[in-house]
Amino acid sequence: MQLFHQVTEFAPALYGGKGKSYVGRYLVLYFYPKANTPGCTREAEGFTNLLPEFEGLDATVVGVSPDRPEAQAKFVQAKSLKTMLSDPNKVLARAFGAVKENDGILRSTFLIDRTGIVRAQWKKVKVDGHAQDVLETLRTLYDSDRRINPLIAARRARRALSDAPVSREEIETLIEAAHLAPSCFNNQPWRFVTIDDDETLAAVKETMPKGNYWTAPASAIIAVASKPDLNCQLSDKRDYYLFGCGMAVSNLMIQATGMGLVAHPIAGFKPVVVKKILEIPDDYVLIALVVIARSGDPGKLSEKHREEELGVRERRPLTDVLIWNRFKL
Ligand SMILES: Cc1cc2nc3c(=O)[nH]c(=O)nc-3n(C[C@H](O)[C@H](O)[C@H](O)COP(=O)(O)O)c2cc1C
């Protein structure tokens, strides 16, 4: 059984190829066996009665059954119900694993988030109290989705590294995540020279100041390079290549955090020497190196770095950086 479904994948099947998408809203899909039967009526009434609460949490509630549209329409009118979807060939039900071996519908409900990912599911639903149960789960999800994304909160420029290897496959995933960043005119100005051979790693680390001693165990370093004409250069002198590369590295770091890897950007290295080692052409700017490793022992860090590593993250107050309407100094 698949756990994750992109609802948008099924939308064309549902909407005769028009491809309506629920992206941006929560979607509650409940599959029921047959319109106008007692259990299905109680279930549908349960959802309809709580509809204002669901809508208050940006959710659309859709009941799905294999009944023909006419039968569903009668059901909806007779019981003053809301949105129903007719799925006579059980295309949607099958996609969600809501069809039993005997081809009957498995009464089940799926709670899909704003990005199209199934976040909760109920199989073999007992109808009494079910809508309330789904609503409570939605409320919890809604509240947690409005907090800072956990991966953004968890990302840190960690320095406690181990020498355990990071595979090329993992590095490729990081680069793929970086490559999904937005860029002006989709120019994708980032270039990533990835170093994973011992000799080159040693030569690059050799160029770093003493303060970057902690990079010693790292088994991979990604050099981020670009040049102005790889991205938009506007007539008023706004060049976007650095901006684009920054966003790409941000994606990379967040992806690494989710994969349990450290991705730490550094400016402390000799760019001219490193460009030479990596044979990066003269007209490119070597913007940063990103040190990639698995987590290691903070006990091996200097006292200052150990404190930073284990302490709370320091940030200026939000009022220093968030300005409403007019820039005030
Ligand atoms: C462009 C850039 C250059 C950095 N250079 C170094 C560096 O050379 N050495 C180092 O130890 N940390 C370096 N850092 C890490 C920052 O010190 C770190 O991101 C900052 O203290 C905030 O901590 P946090 O990322 O854990 O929130 C760099 C970060 C950036 C974005």
# chains A, B, ... in the order shown; residues from 1 in each chain; ligands from 1

$ closest_atom_pairs --of "chain A" --to "ligand 1" --cutoff "6 Å" --atoms "only C-alpha atoms and all ligand atoms" --output "tab-separated table"
residue	atom	partner	partner_atom_place_in_ligand_line	distance
A:Arg156	CA	ligand 1	26 (O)	3.5
A:Ala157	CA	ligand 1	26 (O)	3.8
A:Asn212	CA	ligand 1	9 (N)	5.5
A:Pro265	CA	ligand 1	29 (C)	5.0
A:Ile266	CA	ligand 1	5 (N)	3.2
A:Ala267	CA	ligand 1	5 (N)	4.0
A:Gly268	CA	ligand 1	8 (O)	3.6
A:Arg313	CA	ligand 1	27 (O)	5.9

$ select_by_dssp --residues "stretch 15-254 of chain A" --states "strand (DSSP E)" --output "VMD selection string"
chain A and resid 26 to 31 59 to 65 84 to 86 108 to 112 118 to 122 161 to 162 191 to 195 220 to 226

$ closest_residue --among "A:Val125, A:Pro271, A:Val290, A:Glu279" --to "A:Pro209" --atoms "only C-alpha atoms"
A:Pro271

$ atom_distance --atom1 "atom CA of A:Ala35" --atom2 "atom CA of A:Lys100"
17.7 Å

$ residues_around --residues "A:Gln121" --least-positions-apart "3" --cutoff "8 Å" --atoms "only C-alpha atoms" --output "VMD selection string"
chain A and resid 108 to 111 118

$ residues_around --residues "stretch 250-252 of chain A" --least-positions-apart "2" --cutoff "9 Å" --atoms "only C-alpha atoms" --output "PDB file with C-alpha atoms, in the first residue's frame"
ATOM      1  CA  THR A 173      20.309  14.298  -4.087  1.00  0.00           C
ATOM      2  CA  LEU A 174      21.657  17.452  -2.439  1.00  0.00           C
ATOM      3  CA  ILE A 175      22.524  18.933  -5.815  1.00  0.00           C
ATOM      4  CA  GLU A 176      19.120  17.971  -7.186  1.00  0.00           C
ATOM      5  CA  ALA A 177      17.488  19.842  -4.282  1.00  0.00           C
ATOM      6  CA  ALA A 178      19.719  22.862  -4.955  1.00  0.00           C
ATOM      7  CA  HIS A 179      18.848  22.704  -8.634  1.00  0.00           C
ATOM      8  CA  LEU A 180      15.134  23.060  -7.809  1.00  0.00           C
ATOM      9  CA  ALA A 181      15.720  26.602  -6.544  1.00  0.00           C
ATOM     10  CA  CYS A 245      23.261  30.647  -5.962  1.00  0.00           C
ATOM     11  CA  GLY A 246      22.320  31.641  -2.407  1.00  0.00           C
ATOM     12  CA  MET A 247      18.847  30.235  -2.860  1.00  0.00           C
ATOM     13  CA  ALA A 248      20.224  27.030  -4.342  1.00  0.00           C
ATOM     14  CA  ILE A 254      17.679  22.130   4.112  1.00  0.00           C
ATOM     15  CA  GLN A 255      17.741  18.905   2.102  1.00  0.00           C
ATOM     16  CA  ALA A 256      20.919  17.872   3.934  1.00  0.00           C
ATOM     17  CA  THR A 257      19.291  18.562   7.298  1.00  0.00           C
ATOM     18  CA  ALA A 263      26.060  21.100   5.063  1.00  0.00           C
TER      19      ALA A 263
END

$ closest_residue --among "A:Asn187, A:Thr37, A:Gln132, A:Ser162" --to "A:Leu261" --atoms "only C-alpha atoms"
A:Ser162

$ closest_residue --among "A:Asn231, A:Ser65, A:Thr215, A:Ser21" --to "A:Cys40" --atoms "only C-alpha atoms"
A:Ser65

$ atom_distance --atom1 "atom CA of A:Met259" --atom2 "atom CA of A:Ser144"
20.9 Å

$ closest_residue --among "A:Glu101, A:Asp133, A:Asp163, A:Asp283" --to "A:Gly46" --atoms "only C-alpha atoms"
A:Asp133

$ residues_around --residues "A:Leu51" --least-positions-apart "4" --cutoff "12 Å" --atoms "only C-alpha atoms" --output "VMD selection string"
chain A and resid 28 44 to 47 55 to 62 81 to 83 131 to 132 134 to 135

$ closest_residue --among "A:Glu136, A:Cys184, A:Pro33, A:Glu172" --to "A:Leu50" --atoms "only C-alpha atoms"
A:Glu136

$ select_by_dssp --residues "stretch 106-327 of chain A" --states "helix (DSSP H, G or I)" --output "ChimeraX atom specification"
/A:130-145,150-154,168-179,184-186,198-206,210-215,228-230,241-258,271-278,298-300,303-310,318-321

$ atom_distance --atom1 "atom CA of A:Asn149" --atom2 "atom CA of A:Gly260"
15.8 Å

$ residues_around --residues "A:Gly258" --least-positions-apart "3" --cutoff "10 Å" --atoms "only C-alpha atoms" --output "list in words"
Pro150, Leu151, Ile152, Ala154, Arg155, Met253, Ile254, Gln255, Leu261 and Val262 of chain A

$ write_last_selection --atoms "C-alpha atoms" --output "short mmCIF file (atom, residue, chain, number, x, y, z; two decimals), in the first residue's frame"
data_model
loop_
_atom_site.label_atom_id
_atom_site.label_comp_id
_atom_site.auth_asym_id
_atom_site.auth_seq_id
_atom_site.Cartn_x
_atom_site.Cartn_y
_atom_site.Cartn_z
CA PRO A 150 10.91 21.93 11.18
CA LEU A 151 13.79 21.44 8.71
CA ILE A 152 14.41 25.19 8.54
CA ALA A 154 16.70 22.35 12.64
CA ARG A 155 19.31 23.48 10.09
CA MET A 253 21.31 22.80 3.29
CA ILE A 254 17.68 22.13 4.11
CA GLN A 255 17.74 18.90 2.10
CA LEU A 261 23.85 15.41 6.99
CA VAL A 262 25.77 18.54 7.87
#
